[in-house]
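File shown: start-v9.txt. Contents: compact mmCIF, C-alpha atoms.
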# COMPACT_ATOMS: atom_id res chain seq x y z
CA MET A 1 -51.57 101.85 -14.52
CA GLU A 2 -54.26 99.21 -14.15
CA ASN A 3 -53.93 96.21 -16.41
CA PRO A 4 -56.77 96.65 -18.96
CA ARG A 5 -57.48 92.90 -18.90
CA CYS A 6 -58.77 93.13 -15.35
CA GLY A 7 -62.45 93.89 -15.33
CA GLU A 8 -62.64 94.73 -19.04
CA HIS A 9 -63.68 92.64 -22.03
CA THR A 10 -60.70 92.19 -24.35
CA GLY A 11 -62.47 90.85 -27.45
CA ARG A 12 -61.28 87.26 -26.94
CA MET A 13 -62.29 84.33 -24.80
CA GLY A 14 -60.27 84.78 -21.64
CA LEU A 15 -60.71 84.98 -17.90
CA GLU A 16 -63.69 87.18 -17.08
CA GLN A 17 -64.64 88.83 -13.82
CA GLY A 18 -67.19 87.09 -11.66
CA ASP A 19 -68.51 86.12 -8.27
CA ILE A 20 -66.10 83.55 -6.83
CA ALA A 21 -63.09 81.78 -8.37
CA VAL A 22 -61.81 78.37 -7.31
CA VAL A 23 -58.14 77.88 -8.20
CA GLY A 24 -57.48 74.17 -8.74
CA ALA A 25 -59.63 71.45 -10.32
CA GLY A 26 -58.60 68.42 -8.28
CA VAL A 27 -61.16 66.71 -6.09
CA ILE A 28 -60.95 69.50 -3.47
CA GLY A 29 -61.57 72.24 -6.03
CA LEU A 30 -64.29 70.26 -7.79
CA MET A 31 -66.15 69.43 -4.61
CA THR A 32 -65.78 72.98 -3.30
CA SER A 33 -67.22 74.32 -6.54
CA LEU A 34 -70.19 71.99 -6.16
CA SER A 35 -70.87 73.15 -2.58
CA LEU A 36 -70.57 76.79 -3.62
CA LEU A 37 -73.05 76.26 -6.46
CA ASP A 38 -75.44 74.64 -4.00
CA ALA A 39 -75.00 77.68 -1.76
CA GLY A 40 -76.14 79.96 -4.57
CA ARG A 41 -72.79 81.19 -5.81
CA SER A 42 -71.62 81.68 -9.40
CA VAL A 43 -68.31 79.83 -9.74
CA THR A 44 -65.33 80.12 -12.09
CA LEU A 45 -63.01 77.09 -11.85
CA ILE A 46 -59.42 77.76 -12.95
CA ASP A 47 -56.76 75.13 -13.67
CA PRO A 48 -54.17 74.62 -16.42
CA ASN A 49 -55.20 70.96 -16.70
CA PRO A 50 -58.53 69.20 -17.21
CA PRO A 51 -60.50 68.43 -14.02
CA GLY A 52 -59.46 65.50 -11.87
CA GLN A 53 -55.74 65.35 -12.59
CA GLY A 54 -52.85 64.98 -10.14
CA ALA A 55 -53.28 63.20 -6.81
CA SER A 56 -57.04 63.09 -7.41
CA PHE A 57 -56.34 60.73 -10.33
CA GLY A 58 -53.60 58.49 -8.96
CA ASN A 59 -54.58 57.77 -5.36
CA ALA A 60 -55.54 54.42 -3.84
CA GLY A 61 -59.24 55.28 -3.93
CA VAL A 62 -59.81 54.74 -0.21
CA ILE A 63 -62.29 56.81 1.78
CA ALA A 64 -60.24 56.55 4.95
CA ASN A 65 -62.76 57.42 7.66
CA TYR A 66 -60.43 55.55 10.02
CA GLY A 67 -57.62 58.08 9.40
CA VAL A 68 -57.60 59.76 12.81
CA LYS A 69 -53.85 59.31 13.30
CA PRO A 70 -51.45 61.80 11.71
CA LEU A 71 -48.51 60.63 9.63
CA ALA A 72 -46.34 62.20 12.32
CA ASP A 73 -46.11 59.49 14.97
CA PRO A 74 -43.87 59.33 18.07
CA SER A 75 -42.33 56.06 16.85
CA LEU A 76 -40.84 57.91 13.89
CA LEU A 77 -38.64 59.99 16.20
CA LEU A 78 -36.52 56.84 16.48
CA THR A 79 -37.11 55.05 13.18
CA GLY A 80 -37.79 58.00 10.87
CA PRO A 81 -34.22 59.24 10.36
CA GLY A 82 -33.12 55.80 9.17
CA LEU A 83 -36.12 55.44 6.87
CA LEU A 84 -35.50 58.78 5.19
CA PHE A 85 -32.20 57.63 3.77
CA LYS A 86 -33.31 54.15 2.80
CA LYS A 87 -33.67 54.25 -0.97
CA ASP A 88 -36.68 51.94 -1.23
CA GLY A 89 -38.22 52.68 2.17
CA PRO A 90 -41.83 53.78 2.63
CA LEU A 91 -40.68 57.25 3.74
CA ALA A 92 -37.80 58.80 1.82
CA ILE A 93 -36.38 62.05 0.49
CA GLN A 94 -36.31 62.69 -3.24
CA PRO A 95 -32.69 62.61 -4.47
CA GLY A 96 -31.26 66.12 -4.35
CA ALA A 97 -34.11 67.61 -2.30
CA GLY A 98 -32.54 67.35 1.16
CA ARG A 99 -32.10 71.05 1.91
CA ALA A 100 -35.51 72.01 0.52
CA VAL A 101 -37.37 69.67 2.88
CA ILE A 102 -35.64 70.76 6.10
CA PRO A 103 -38.40 73.21 7.18
CA TRP A 104 -41.03 70.50 6.67
CA LEU A 105 -38.97 67.88 8.52
CA THR A 106 -38.39 70.26 11.44
CA GLN A 107 -42.11 70.81 11.91
CA PHE A 108 -42.79 67.11 11.29
CA ALA A 109 -40.43 66.14 14.12
CA ARG A 110 -42.25 68.59 16.38
CA ALA A 111 -45.62 67.05 15.46
CA CYS A 112 -44.22 63.59 16.34
CA LEU A 113 -43.76 64.61 19.99
CA PRO A 114 -46.17 62.61 22.16
CA TRP A 115 -47.85 65.64 23.73
CA HIS A 116 -49.05 66.85 20.31
CA GLN A 117 -50.80 63.58 19.43
CA GLU A 118 -54.00 64.19 21.40
CA ARG A 119 -54.56 67.55 19.72
CA LEU A 120 -53.90 66.27 16.20
CA GLN A 121 -55.98 63.13 16.61
CA LYS A 122 -58.90 65.10 18.05
CA ALA A 123 -58.80 67.52 15.12
CA LEU A 124 -58.77 64.74 12.53
CA ALA A 125 -61.44 62.70 14.28
CA ALA A 126 -63.81 65.69 14.34
CA VAL A 127 -63.86 65.89 10.54
CA ILE A 128 -63.01 62.44 9.19
CA VAL A 129 -65.05 59.81 11.04
CA ASP A 130 -68.27 60.85 9.25
CA ALA A 131 -66.61 60.92 5.81
CA ASP A 132 -68.71 58.00 4.57
CA ALA A 133 -71.99 59.78 5.31
CA ARG A 134 -70.79 62.98 3.61
CA TRP A 135 -69.70 61.02 0.55
CA GLN A 136 -73.05 59.23 0.34
CA GLU A 137 -74.71 62.59 -0.29
CA VAL A 138 -72.24 63.34 -3.09
CA ILE A 139 -72.66 59.89 -4.66
CA HIS A 140 -76.41 60.42 -4.82
CA ARG A 141 -76.03 63.96 -6.15
CA VAL A 142 -73.76 63.06 -9.08
CA ASP A 143 -75.26 59.60 -9.74
CA ALA A 144 -71.98 57.71 -9.28
CA SER A 145 -73.02 54.70 -7.21
CA ASP A 146 -71.27 52.36 -9.68
CA ALA A 147 -67.91 53.72 -8.54
CA TRP A 148 -68.65 53.25 -4.83
CA GLN A 149 -67.66 50.19 -2.79
CA ARG A 150 -68.22 49.67 0.91
CA LYS A 151 -66.40 46.48 1.83
CA GLY A 152 -63.96 47.82 4.39
CA CYS A 153 -60.18 48.03 4.33
CA LEU A 154 -57.39 45.84 5.72
CA TYR A 155 -54.05 46.75 7.31
CA VAL A 156 -51.95 43.58 7.12
CA PHE A 157 -48.99 42.69 9.33
CA ASN A 158 -46.30 40.00 9.29
CA ASP A 159 -45.20 39.17 12.83
CA ALA A 160 -46.01 39.25 16.53
CA ARG A 161 -44.31 42.59 17.09
CA ALA A 162 -46.35 44.19 14.33
CA ARG A 163 -49.49 42.65 15.81
CA ARG A 164 -48.79 44.27 19.18
CA GLN A 165 -48.37 47.61 17.44
CA ALA A 166 -51.62 47.01 15.56
CA GLU A 167 -53.40 46.36 18.87
CA ARG A 168 -52.13 49.68 20.27
CA ASP A 169 -53.10 51.43 17.05
CA ALA A 170 -56.61 49.96 17.17
CA ARG A 171 -57.16 51.18 20.72
CA VAL A 172 -56.29 54.73 19.66
CA ARG A 173 -58.66 54.63 16.71
CA GLN A 174 -61.48 53.06 18.71
CA ARG A 175 -61.17 55.83 21.26
CA TRP A 176 -62.12 58.32 18.53
CA GLY A 177 -65.08 56.30 17.31
CA VAL A 178 -63.47 54.23 14.55
CA ALA A 179 -64.81 50.70 14.10
CA CYS A 180 -61.92 48.25 13.79
CA GLU A 181 -61.08 44.69 14.76
CA LEU A 182 -57.96 42.54 14.87
CA LEU A 183 -58.07 39.47 12.64
CA SER A 184 -56.10 36.26 12.99
CA GLU A 185 -54.34 34.67 10.02
CA ALA A 186 -57.32 32.32 9.55
CA GLU A 187 -59.84 35.18 9.71
CA LEU A 188 -57.82 37.21 7.21
CA SER A 189 -57.66 34.22 4.86
CA GLN A 190 -61.42 33.84 5.07
CA LEU A 191 -61.93 37.47 4.00
CA GLU A 192 -59.16 37.46 1.38
CA PRO A 193 -58.25 33.92 0.26
CA SER A 194 -55.51 35.18 -2.06
CA LEU A 195 -53.61 36.43 1.02
CA SER A 196 -53.72 33.05 2.77
CA GLY A 197 -50.38 32.19 4.35
CA ARG A 198 -48.80 35.53 3.48
CA PHE A 199 -49.52 37.48 6.68
CA GLU A 200 -49.98 36.77 10.36
CA GLY A 201 -53.14 38.85 10.56
CA ALA A 202 -54.69 42.24 9.90
CA THR A 203 -56.64 45.15 11.28
CA PHE A 204 -60.04 45.31 9.61
CA PHE A 205 -61.93 48.60 9.20
CA PRO A 206 -65.43 47.39 8.24
CA ASP A 207 -66.94 50.83 7.70
CA ALA A 208 -64.30 52.05 5.23
CA ALA A 209 -65.40 52.66 1.64
CA SER A 210 -63.43 52.90 -1.58
CA LEU A 211 -63.75 53.99 -5.19
CA SER A 212 -63.49 51.53 -8.05
CA ASP A 213 -62.05 54.39 -10.13
CA PRO A 214 -61.13 57.80 -8.61
CA TRP A 215 -60.95 59.27 -12.12
CA SER A 216 -64.54 58.35 -12.94
CA MET A 217 -65.68 59.91 -9.67
CA THR A 218 -64.00 63.24 -10.38
CA GLN A 219 -65.43 63.17 -13.89
CA ALA A 220 -68.92 62.59 -12.51
CA ILE A 221 -68.50 65.67 -10.29
CA ALA A 222 -67.08 67.71 -13.19
CA SER A 223 -69.99 66.69 -15.41
CA GLU A 224 -72.48 67.81 -12.76
CA LEU A 225 -70.68 71.15 -12.50
CA MET A 226 -70.85 71.67 -16.26
CA ARG A 227 -74.53 70.75 -16.33
CA SER A 228 -75.04 73.37 -13.64
CA GLY A 229 -73.43 76.06 -15.77
CA ILE A 230 -70.07 76.52 -14.09
CA THR A 231 -67.38 78.47 -15.96
CA ILE A 232 -64.12 76.52 -16.44
CA HIS A 233 -61.01 78.45 -17.47
CA ARG A 234 -57.83 76.65 -18.56
CA GLY A 235 -55.01 78.70 -17.12
CA LYS A 236 -52.24 78.64 -14.52
CA VAL A 237 -52.81 81.21 -11.78
CA THR A 238 -49.58 83.03 -10.95
CA GLU A 239 -50.83 85.85 -8.73
CA ILE A 240 -53.72 86.48 -6.33
CA HIS A 241 -54.03 90.10 -5.16
CA PRO A 242 -56.66 90.96 -2.53
CA LEU A 243 -58.00 94.50 -3.05
CA ASP A 244 -60.39 96.58 -0.96
CA GLU A 245 -63.57 95.42 -2.68
CA ASN A 246 -62.53 92.32 -4.63
CA VAL A 247 -59.62 90.01 -5.49
CA GLU A 248 -57.51 90.18 -8.62
CA VAL A 249 -56.40 86.91 -10.23
CA ARG A 250 -53.66 86.81 -12.86
CA CYS A 251 -52.73 83.84 -15.05
CA ALA A 252 -49.46 82.91 -16.75
CA LYS A 253 -50.60 83.87 -20.26
CA GLY A 254 -51.74 87.33 -19.25
CA ASP A 255 -55.39 86.69 -18.45
CA CYS A 256 -56.56 88.73 -15.50
CA ALA A 257 -59.90 89.27 -13.79
CA ARG A 258 -61.44 90.31 -10.49
CA PHE A 259 -63.73 88.28 -8.26
CA GLU A 260 -65.64 88.94 -5.08
CA GLN A 261 -63.81 86.02 -3.46
CA VAL A 262 -61.17 83.42 -4.35
CA VAL A 263 -60.60 79.89 -3.04
CA LEU A 264 -57.06 78.52 -3.36
CA ALA A 265 -57.27 74.74 -3.88
CA ALA A 266 -54.27 74.08 -6.12
CA GLY A 267 -52.77 71.27 -4.06
CA ALA A 268 -48.99 70.92 -3.97
CA HIS A 269 -48.71 73.72 -6.53
CA SER A 270 -50.10 76.25 -4.01
CA ARG A 271 -46.93 77.02 -2.11
CA GLY A 272 -45.85 80.16 -3.96
CA LEU A 273 -49.36 81.57 -3.91
CA LEU A 274 -49.64 80.85 -0.19
CA GLN A 275 -46.46 82.80 0.51
CA SER A 276 -47.74 85.79 -1.46
CA LEU A 277 -50.86 85.71 0.72
CA GLY A 278 -48.88 85.91 3.95
CA ILE A 279 -48.92 82.19 4.78
CA SER A 280 -45.54 80.62 5.49
CA ALA A 281 -46.83 77.08 5.96
CA PRO A 282 -44.23 74.39 5.15
CA LEU A 283 -46.33 72.79 2.41
CA ILE A 284 -44.43 70.15 0.46
CA SER A 285 -45.03 67.58 -2.23
CA GLU A 286 -45.28 64.02 -0.97
CA ARG A 287 -44.56 62.35 -4.27
CA GLY A 288 -46.80 59.31 -4.54
CA TYR A 289 -46.41 56.46 -7.05
CA HIS A 290 -48.66 53.80 -8.47
CA LEU A 291 -48.51 50.81 -10.78
CA GLU A 292 -51.53 49.19 -12.40
CA TYR A 293 -51.92 45.59 -13.52
CA GLU A 294 -54.58 44.36 -15.91
CA ALA A 295 -55.63 41.45 -13.78
CA THR A 296 -58.73 40.12 -12.10
CA MET A 297 -57.74 38.78 -8.71
CA PRO A 298 -59.81 37.76 -5.69
CA ILE A 299 -59.05 40.89 -3.67
CA ASN A 300 -62.34 42.24 -2.50
CA ARG A 301 -61.23 45.44 -0.78
CA PRO A 302 -58.16 47.70 -0.40
CA VAL A 303 -55.28 46.09 1.47
CA CYS A 304 -52.54 48.21 3.03
CA SER A 305 -49.08 47.07 4.03
CA ILE A 306 -48.04 49.60 6.66
CA ALA A 307 -44.50 48.21 6.72
CA HIS A 308 -44.05 48.99 3.02
CA GLY A 309 -46.25 52.08 2.78
CA PHE A 310 -48.61 51.19 -0.04
CA TYR A 311 -52.14 49.99 -0.78
CA VAL A 312 -53.30 47.30 -3.16
CA SER A 313 -56.73 48.38 -4.41
CA PRO A 314 -59.12 46.48 -6.68
CA MET A 315 -60.39 48.82 -9.38
CA THR A 316 -62.47 48.44 -12.50
CA GLY A 317 -60.67 45.84 -14.65
CA ARG A 318 -57.36 46.23 -12.89
CA ILE A 319 -55.35 46.19 -9.66
CA ARG A 320 -53.71 49.41 -8.48
CA ALA A 321 -50.72 49.38 -6.14
CA ALA A 322 -50.38 52.92 -4.83
CA GLY A 323 -48.47 54.72 -2.15
CA THR A 324 -45.06 55.37 -0.59
CA VAL A 325 -43.91 58.80 0.57
CA GLU A 326 -41.10 60.60 -1.21
CA LEU A 327 -40.55 64.12 0.08
CA GLY A 328 -39.53 66.63 -2.56
CA GLY A 329 -40.63 69.21 -5.09
CA VAL A 330 -43.06 69.37 -7.98
CA SER A 331 -40.56 69.79 -10.83
CA ALA A 332 -38.06 66.90 -10.56
CA PRO A 333 -38.59 63.74 -12.66
CA PRO A 334 -39.92 60.54 -11.06
CA SER A 335 -37.61 58.16 -9.22
CA ASN A 336 -37.78 54.90 -11.17
CA HIS A 337 -36.62 52.86 -8.19
CA ARG A 338 -39.87 53.70 -6.36
CA TRP A 339 -41.89 51.91 -9.07
CA GLU A 340 -39.41 49.04 -9.04
CA ALA A 341 -39.81 48.63 -5.27
CA ILE A 342 -43.62 48.53 -5.55
CA ASP A 343 -43.39 45.95 -8.34
CA ARG A 344 -41.05 43.71 -6.35
CA MET A 345 -43.42 43.73 -3.41
CA MET A 346 -46.43 43.01 -5.60
CA ARG A 347 -44.67 40.02 -7.13
CA ALA A 348 -43.74 38.75 -3.69
CA TRP A 349 -47.45 38.79 -2.85
CA PHE A 350 -48.76 37.65 -6.24
CA PRO A 351 -46.09 35.89 -8.36
CA GLU A 352 -48.59 35.27 -11.17
CA LEU A 353 -49.12 38.96 -11.92
CA PRO A 354 -48.64 40.13 -15.51
CA ALA A 355 -46.34 43.05 -16.23
CA ALA A 356 -47.66 46.39 -15.03
CA HIS A 357 -49.50 48.08 -17.88
CA SER A 358 -49.31 51.66 -16.56
CA ARG A 359 -47.50 53.73 -14.00
CA TRP A 360 -47.99 57.18 -12.45
CA MET A 361 -46.30 59.67 -10.17
CA GLY A 362 -48.09 62.62 -8.60
CA HIS A 363 -47.92 65.17 -5.81
CA ARG A 364 -49.80 64.95 -2.54
CA PRO A 365 -49.93 68.41 -0.91
CA SER A 366 -48.63 67.66 2.57
CA THR A 367 -48.36 69.59 5.82
CA PRO A 368 -46.05 68.28 8.57
CA ASP A 369 -48.88 67.86 11.09
CA SER A 370 -51.23 66.08 8.61
CA LEU A 371 -53.90 68.78 9.03
CA PRO A 372 -54.90 70.62 5.85
CA LEU A 373 -54.93 74.40 5.58
CA VAL A 374 -58.62 75.30 5.57
CA GLY A 375 -59.86 78.81 6.29
CA SER A 376 -59.32 82.49 5.59
CA THR A 377 -55.91 83.96 4.80
CA PRO A 378 -54.40 86.51 7.21
CA ILE A 379 -54.10 89.08 4.42
CA SER A 380 -57.79 89.05 3.49
CA ASP A 381 -60.94 87.12 4.39
CA ARG A 382 -61.89 87.38 0.71
CA VAL A 383 -59.27 84.70 -0.04
CA LEU A 384 -59.87 81.23 1.39
CA CYS A 385 -57.49 78.24 1.52
CA ALA A 386 -58.31 74.59 0.94
CA VAL A 387 -54.92 72.89 0.48
CA GLY A 388 -52.57 70.45 2.18
CA HIS A 389 -54.75 67.35 2.55
CA GLY A 390 -51.89 64.86 2.17
CA HIS A 391 -53.19 61.28 2.19
CA VAL A 392 -56.82 62.17 2.94
CA GLY A 393 -57.76 64.59 0.15
CA MET A 394 -60.35 62.28 -1.36
CA THR A 395 -61.66 61.42 2.10
CA LEU A 396 -62.00 65.00 3.34
CA ALA A 397 -63.16 66.64 0.11
CA PRO A 398 -66.87 66.83 1.07
CA TRP A 399 -66.11 68.25 4.54
CA THR A 400 -63.66 70.78 3.13
CA ALA A 401 -66.12 71.85 0.46
CA ASP A 402 -68.91 72.47 2.97
CA ALA A 403 -66.57 74.33 5.33
CA ILE A 404 -65.36 76.64 2.55
CA ALA A 405 -68.90 77.28 1.28
CA ASP A 406 -69.98 78.27 4.79
CA LEU A 407 -67.02 80.62 5.19
CA ALA A 408 -67.55 82.16 1.76
CA ASN A 409 -71.18 82.92 2.60
CA GLY A 410 -70.39 84.39 5.99
CA ALA A 411 -71.74 81.56 8.12
CA SER A 412 -70.55 81.37 11.70
CA THR A 413 -67.20 79.64 11.91
CA ASP A 414 -67.30 75.98 12.95
CA PRO A 415 -65.05 75.49 16.03
CA ALA A 416 -63.73 72.33 14.36
CA LEU A 417 -62.01 74.58 11.80
CA HIS A 418 -59.66 76.22 14.30
CA PRO A 419 -56.92 73.53 14.24
CA PHE A 420 -56.82 73.81 10.43
CA ARG A 421 -56.24 77.59 10.24
CA PRO A 422 -53.80 78.29 7.39
CA TYR A 423 -51.52 80.63 9.35
CA ARG A 424 -50.95 78.32 12.36
CA PHE A 425 -47.29 77.58 11.56
CA SER A 426 -46.31 81.24 11.94
CA GLU A 427 -48.15 81.93 15.21

Translate the structure described by the file into structure tokens.
Amino acid sequence: MENPRCGEHTGRMGLEQGDIAVVGAGVIGLMTSLSLLDAGRSVTLIDPNPPGQGASFGNAGVIANYGVKPLADPSLLLTGPGLLFKKDGPLAIQPGAGRAVIPWLTQFARACLPWHQERLQKALAAVIVDADARWQEVIHRVDASDAWQRKGCLYVFNDARARRQAERDARVRQRWGVACELLSEAELSQLEPSLSGRFEGATFFPDAASLSDPWSMTQAIASELMRSGITIHRGKVTEIHPLDENVEVRCAKGDCARFEQVVLAAGAHSRGLLQSLGISAPLISERGYHLEYEATMPINRPVCSIAHGFYVSPMTGRIRAAGTVELGGVSAPPSNHRWEAIDRMMRAWFPELPAAHSRWMGHRPSTPDSLPLVGSTPISDRVLCAVGHGHVGMTLAPWTADAIADLANGASTDPALHPFRPYRFSE
């Protein structure tokens, strides 16, 4: 018997049937909702939490239009296994999660093979190099220029060996159209005096932008959505059932409704729903951590230490140290030693720092090849995926949103979407 809540008014404020539902109110879901509204659709946004939570809140705030290299790198075939079992290393496994991450690690090792690099880099370059221009349109639309900074980004290194690696890395990025330059110690000190004498040099990405507060940006987008009349439903989606003429969505507290189409954008919490839709992608949570310090310091732009896997980002009234990769699930408690490791490194850089005033742990939705899952599901083209953005969710949100809006409205498929097809891991 059909559940009477689906398609019928129940006499209380619950989930009601509509045009298109977006499941997940992080930056991907918010931006996708905005693009769908612009495309003339009526949108219901569904999430158990207020908009802009999770990785959309706690990230380093970098619009990484230089991010043409996947996390999977051939060098990790040699160094990766040792890093995974180093407690405070930049790439580690959450305690107790070893068996659960094996499928992801298997595919990650495959993506590290040298002959896959050209394909992955080409796919990322096609959608990420113009991220700044796409974001400029959003900034203007939601009137959030105060949160936007365009001062570039630095990758710092400590020794001659790291400099040689940085030179090789720069050549790869330049090949795909990324502007970058190698700085000497003196040139780095001129850009960032507070780093004088601490590093041998840096790679400078002059065209990179950043957000002075990722939270305020997501709230600006959410406010624009509410002004435009979007419906927001607080609920946890537990089931998505494609039917012949629509899609049924069920929530944990019994709410149920049908929509013409559904977009799954629930980040690291999407895995179970993906499996029910016929997608066996090894999506995993890359647990990211940050500490914040109430301090005004002469850092003018985000600075990344590749060796330690974290960014130091100047934000409104504070400094945020964010990053590291801890592979695991979405239910285990945080690993306190990850925060302790970030704090030790920050104090090595800046001994005068006050105690951290806040800390955070969240879940990056990560695929082993660093390409998000964007496109139609194999079970139904009425259900679209927009998950798995890893470290570049904020960066790729405008591109993802436009791609999903085009697919939802039946536009011809962009060839650039093919490498991101959600079912690629089971082909």

Extending 5 Å beyond the listed atoms of range 411-418 of chain A on each side, what axis-aligned box results? I want centre and edge lengths in Å to one decimal, as JSON.
{"center_x": -65.7, "center_y": 76.9, "center_z": 12.1, "size_x": 22.1, "size_y": 19.2, "size_z": 17.9}

Per residue of range 298-399 of chain A within 12 Å of range 118-122 of chain A, note the shortest atom pair and the distance in Å to one decimal, counting only C-alpha atoms, and order the rows by chain and increasing residue number, as CSV.
residue,atom,partner,partner_atom,distance
A:Pro368,CA,A:Leu120,CA,11.1
A:Asp369,CA,A:Leu120,CA,7.3
A:Ser370,CA,A:Leu120,CA,8.0
A:Leu371,CA,A:Leu120,CA,7.6
A:Pro372,CA,A:Leu120,CA,11.3

Could you give me, as a ChimeraX atom specification, the residues within 12 Å of Ala126 in chain A, counting only C-alpha atoms and dropping anything in the same chain fewer than 4 positions from it?
/A:65-69,119-122,130-131,176-178,371,396,399,414-420

At a cut-off of 10 Å, can you tabulate as a Markdown table every residue of range 12-113 of chain A near range 251-254 of chain A together with its closest atom pair and the distance in Å to one decimal, using all atoms listed in the file and ordering rows by chain then number?
| residue | atom | partner | partner_atom | distance |
| --- | --- | --- | --- | --- |
| A:Gly14 | CA | A:Gly254 | CA | 9.2 |
| A:Leu15 | CA | A:Cys251 | CA | 8.6 |
| A:Ile46 | CA | A:Cys251 | CA | 9.3 |
| A:Asp47 | CA | A:Cys251 | CA | 9.7 |
| A:Pro48 | CA | A:Cys251 | CA | 9.4 |

Smallest atom-to-atom distance to Ala397 in chain A: which of A:Asp213, A:Thr218, A:Arg320, A:Ala39, using all atoms listed in the file?
A:Thr218
